[in-house]
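Working notes, structure below.
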Amino acid sequence: MQFQKILVPVAAVVLVVAAYLQFSWSGVAMALGLIVMWILLHFTRMLQVMKRAANRPIGTVASAVMLNAKLKPGVTLLHVVAMTKALGALQSAKDAQPELYRWTDASESHVTCTFQGGKLQHWELFRPAPAAS
């Protein structure tokens, strides 16, 4: 179970109640203002990531090897999109779990990432064999 889905709303309620007990209604207004500002900061970050990704072809990355080196288990899909500055090419069925996305570079190397519930679980780098001369 994802504790973040429960912990964040509970923390917001605790903050509002503590603000009310300490400062009355002016404290509630301040706490709600802080919560709204926090939500707006996250929303703005998401929009900036999507705006940058909209300017690149789907499933491309500058270097698949560098992406492979930067990935860590548990990061969100939004974080990976921010690193690659491009949306991944969906490899699995739409709305099916786990989700598989692929990013390919100019040398046809690619990284295939597996996301379960929006969090990175596994990734695999594929590098084509060098051309024989």
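Just remember, in the structure tokens the first chain shown is A, the second B, etc., residues are 1-based per chain, and ligands are 1-based in the order shown.
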
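Here the DSSP assignment of strand (DSSP E), based on backbone atoms, applies within chain A to A:Ala89, A:Leu90, A:Glu99, A:Leu100, A:Tyr101, A:Arg102, A:Trp103, A:Thr104, A:His110, A:Val111, A:Thr112, A:Cys113, A:Thr114, A:Phe115, A:Gln116, A:Lys119, A:Leu120, A:Gln121, A:His122, A:Trp123, A:Glu124, A:Leu125, A:Phe126.
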
Can you list, as number ranges by chain, every residue of chain A that DSSP puts in helix (DSSP H, G or I)?
A: 4-54, 64-70, 77-84

As an NGL selection string, please: the residues near stretch 53-62 of chain A (cut-off 7 Å, only C-alpha atoms, same-chain neighbours under 3 positions excluded).
:A and (49-50 or 84-89 or 102-105)

Spatial neighbours of A:Leu32, 12 Å, only C-alpha atoms, chain gap at least 3 places, as an MDAnalysis selection string
chainID A and resid 12:20 25:29 35:39

Based on the selection just made, write C-alpha atoms of those residues as a tab-separated table (two decimals), in the first residue's frame.
```
chain	number	residue	atom	x	y	z
A	12	ALA	CA	-2.70	18.39	5.86
A	13	VAL	CA	-5.59	17.81	8.28
A	14	VAL	CA	-3.20	17.72	11.26
A	15	LEU	CA	-1.63	20.99	10.07
A	16	VAL	CA	-5.04	22.70	9.80
A	17	VAL	CA	-6.18	21.41	13.22
A	18	ALA	CA	-2.90	22.44	14.88
A	19	ALA	CA	-3.14	25.87	13.25
A	20	TYR	CA	-6.71	26.27	14.52
A	25	TRP	CA	-9.26	31.00	12.28
A	26	SER	CA	-6.33	33.11	11.15
A	27	GLY	CA	-4.13	30.04	11.64
A	28	VAL	CA	-6.51	27.95	9.54
A	29	ALA	CA	-6.31	30.56	6.76
A	35	ILE	CA	-1.31	23.80	1.47
A	36	VAL	CA	-2.59	25.55	-1.66
A	37	MET	CA	0.89	26.97	-2.34
A	38	TRP	CA	2.42	23.50	-2.00
A	39	ILE	CA	-0.14	22.07	-4.45
```

Write out as a ChimeraX atom specification the residues lying within 8 Å of A:Leu90, counting only C-alpha atoms and excluding same-chain residues fewer than 3 positions away.
/A:93-94,99-102

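Take atom CA of A:Lys5 and atom CA of A:Gly118: the distance between them is 12.7 Å.
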
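You will find atom CA of A:Leu67 at 10.6 Å from atom CA of A:Glu124.
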
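As for atom CA of A:Thr76 and atom CA of A:Lys119, they are spaced 4.5 Å apart.
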
Extract, using only C-alpha atoms, all DNA, RNA and protein residues at most 12 Å from A:Ala69, discarding same-chain residues fewer than 6 positions from it, and format them as a ChimeraX atom specification.
/A:63,83,111,123-125

Residue selection dump (C-alpha atoms) as a JSON list (two decimals), in the first residue's frame:
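part-v5.json, written as the output of this step:
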```
[["chain", "number", "residue", "atom", "x", "y", "z"],
["A", 63, "SER", "CA", 21.97, 9.09, -24.52],
["A", 83, "MET", "CA", 15.38, 13.55, -16.93],
["A", 111, "VAL", "CA", 16.25, 1.76, -22.21],
["A", 123, "TRP", "CA", 14.87, -0.99, -16.32],
["A", 124, "GLU", "CA", 16.95, -2.63, -18.99],
["A", 125, "LEU", "CA", 19.53, -1.18, -21.37]]
```

List the spatial neighbours of A:Leu71 as number ranges by chain - criterion: any atom at most 10 Å away, only C-alpha atoms, same-chain residues fewer than 2 positions off excluded.
A: 66-69, 73-75, 79-80, 83, 113, 120, 122-123

Return the single residue from A:Leu47, A:Val10, A:Leu41, A:Val65 that is closest to A:Thr112, with distances computed using only C-alpha atoms.
A:Val65
